[in-house]
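Written out below as C-alpha cells is the structure these notes cover.
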Amino acid sequence: MKAFNHNLLGNPAGQGENNTPNAAGSLLTTASDYAKFVAAILNGTGLKKETRRQMTTPQIRVDEACRNCTDRPASGKLSTEVAWGLGWGLQTTDEGTSLWHWGDNGNNKAFVVAFEKQKDGIVVLTNGANGLFILKEILADGLGGKYPALAWINTGRYDSPARVFIKSLVSGDAEKAIADYRKKREASPAERLDEGSVNNLGYSLLQARKIDEAIAVFRLNTEDFPNSANTWDSLAEAYMIKGDKPKAIANYKKSLELDPNNKNAAAKIKELEQ
C-alpha cells in the first residue's frame, strides 16, 4: 500500500499519483528493497568494475553556495568534502568516502547514505514535507560521523526557525506568529527564512483554505524578497483566490514589472481585467 503524503502543516495531501515514467521521481519502493539496491552498489553486484569506479569517483565538486546555480553564476568556491560521482553524491570525511543521495518531491522526502569501507548505511523514506527534520538525529543514532552533504542540501531541523514559525501558524494565531517572526528577523538577520520555504508554506496554507493566513505569509515574503517576481506572483494568486480582483491585478502587475517574461502574470491580468 502506498503511503499518503503530508504537507508542511502536517495535513494529508493525497498519494501523489504519477503515471508518467520519470527518472527523478516515479520510482515506487520500500526502504528495505532500496537498501538491497544500495548493498549491491557497495558490493559491485551486477556492475562492471569501471562503472562502479566511476560512480564512486568525484567527477565534479559542488558549489558551496547553492544546489542549483542555473539561474545565476556559480560562486566559484568548490567544496572539498562534497562532490558528484556518476549518479551518486560523494562525501569525504574522517570516516572515509560515503555515497549519498536525497529525494525531494515536495510532500515526500528521502535520504540515503552508505559507507564504502564499513559496508554500512541507512535509507530514510518519508511521506511528509517535514520528514527530514529529524534526519541528523537518525544518522547520529544509527551511524554516527559527519555529513557535510546535509548542510549543502539544507535539510533543516525540527527546532529550526522555519519549523517554529510553522508551528506558530498552525496554532491558529497567524498575526502573532508573523509579528514574532519579524522581531526575531530584525534582531538576528540569520533568522530570516529563505524565499522558497516561505512560499511553500503559503501554498500549504492555501491548500488548507487558510486564505488570509496565506496572504499574510506571501506578503511577508514580498517584504523579505521585494525584487523577486515569484513572491508577488504568489501573493497575487492568493488575492485572486480570495476574490479580491484589484489587489490580485496590482500584484500580478508588480510581478510582471520585475519579470516581463512572466507569461502567467500577463495571462492572469488579462483574465481578471475582462
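Each chain in the C-alpha cells gets a letter, A, B and so on, in the order shown; residues start at 1 in every chain, and ligands are counted from 1 in the order they appear.
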| field | Who sits within 8 Å of range 127-141 of chain A, only C-alpha atoms, same chain under 6 positions skipped, as a list in words | value |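 That gives Ala3, Phe4, Asn5, His6, Asn7, Leu8, Gly10, Gly106, Asn107, Asn108, Lys109, Ala110, Phe111, Thr155, Gly156, Arg157 and Tyr158 of chain A.
Nearest to Leu169 in chain A of all the residues A:Ala229, A:Ala216, A:Leu193, A:Ala149 is A:Ala216, based on only C-alpha atoms.
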| task | Tell me which protein, DNA and RNA residues are within 8 Å of range 56-61 of chain A, counting only C-alpha atoms, leaving out same-chain ones fewer than 4 positions away, and put them as a list of chain:residue names. | result |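 Near neighbours after the sequence-gap exclusion: A:Arg52, A:Leu78, A:Ser79, A:Thr80, A:Val82, A:Ala83, A:Trp84, A:Gly85, A:Leu86, A:Trp88, A:Leu90, A:Leu99.
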| field | Which of range 3-119 of chain A DSSP labels strand (DSSP E), written as a PyMOL selection string | value | chain A and resi 60-63+78-84+89-93+96-104+109-115
Selection export as a PDB file, in the first residue's frame, atoms kept: C-alpha atoms:
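Final output, selection_27.pdb:
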```pdb
ATOM      1  CA  ILE A  60      32.764  17.413 -10.158  1.00  0.00           C
ATOM      2  CA  ARG A  61      32.940  19.301  -6.876  1.00  0.00           C
ATOM      3  CA  VAL A  62      29.778  21.088  -5.792  1.00  0.00           C
ATOM      4  CA  ASP A  63      29.468  24.843  -5.462  1.00  0.00           C
ATOM      5  CA  LEU A  78      34.003  24.497  -4.568  1.00  0.00           C
ATOM      6  CA  SER A  79      33.550  22.114  -1.660  1.00  0.00           C
ATOM      7  CA  THR A  80      36.457  19.934  -0.577  1.00  0.00           C
ATOM      8  CA  GLU A  81      34.065  17.491   1.107  1.00  0.00           C
ATOM      9  CA  VAL A  82      31.074  17.120  -1.235  1.00  0.00           C
ATOM     10  CA  ALA A  83      31.166  16.051  -4.877  1.00  0.00           C
ATOM     11  CA  TRP A  84      29.187  14.172  -7.505  1.00  0.00           C
ATOM     12  CA  GLY A  89      26.754  12.183  -4.290  1.00  0.00           C
ATOM     13  CA  LEU A  90      30.073  11.612  -2.529  1.00  0.00           C
ATOM     14  CA  GLN A  91      31.239  12.806   0.887  1.00  0.00           C
ATOM     15  CA  THR A  92      34.813  12.746   2.147  1.00  0.00           C
ATOM     16  CA  THR A  93      35.144  12.865   5.943  1.00  0.00           C
ATOM     17  CA  GLY A  96      36.231   7.851   4.650  1.00  0.00           C
ATOM     18  CA  THR A  97      34.155   8.151   1.480  1.00  0.00           C
ATOM     19  CA  SER A  98      30.415   7.651   1.624  1.00  0.00           C
ATOM     20  CA  LEU A  99      27.793   7.544  -1.116  1.00  0.00           C
ATOM     21  CA  TRP A 100      24.673   9.615  -0.593  1.00  0.00           C
ATOM     22  CA  HIS A 101      21.611  10.930  -2.352  1.00  0.00           C
ATOM     23  CA  TRP A 102      18.380  12.656  -1.443  1.00  0.00           C
ATOM     24  CA  GLY A 103      14.871  12.981  -2.804  1.00  0.00           C
ATOM     25  CA  ASP A 104      12.547  15.963  -2.597  1.00  0.00           C
ATOM     26  CA  LYS A 109      11.427  13.434   1.098  1.00  0.00           C
ATOM     27  CA  ALA A 110      14.164  10.827   1.312  1.00  0.00           C
ATOM     28  CA  PHE A 111      17.843  10.368   2.079  1.00  0.00           C
ATOM     29  CA  VAL A 112      20.334   7.532   1.738  1.00  0.00           C
ATOM     30  CA  VAL A 113      23.957   7.257   2.790  1.00  0.00           C
ATOM     31  CA  ALA A 114      26.324   4.293   2.589  1.00  0.00           C
ATOM     32  CA  PHE A 115      29.963   3.960   3.664  1.00  0.00           C
TER      33      PHE A 115
END
```
| said: Show me, as number ranges by chain, the residues that have an atom within 10 Å of Glu257 in chain A when counting only C-alpha atoms, minus same-chain residues fewer than 6 positions from it. | reply: A: 227, 229, 251, 265
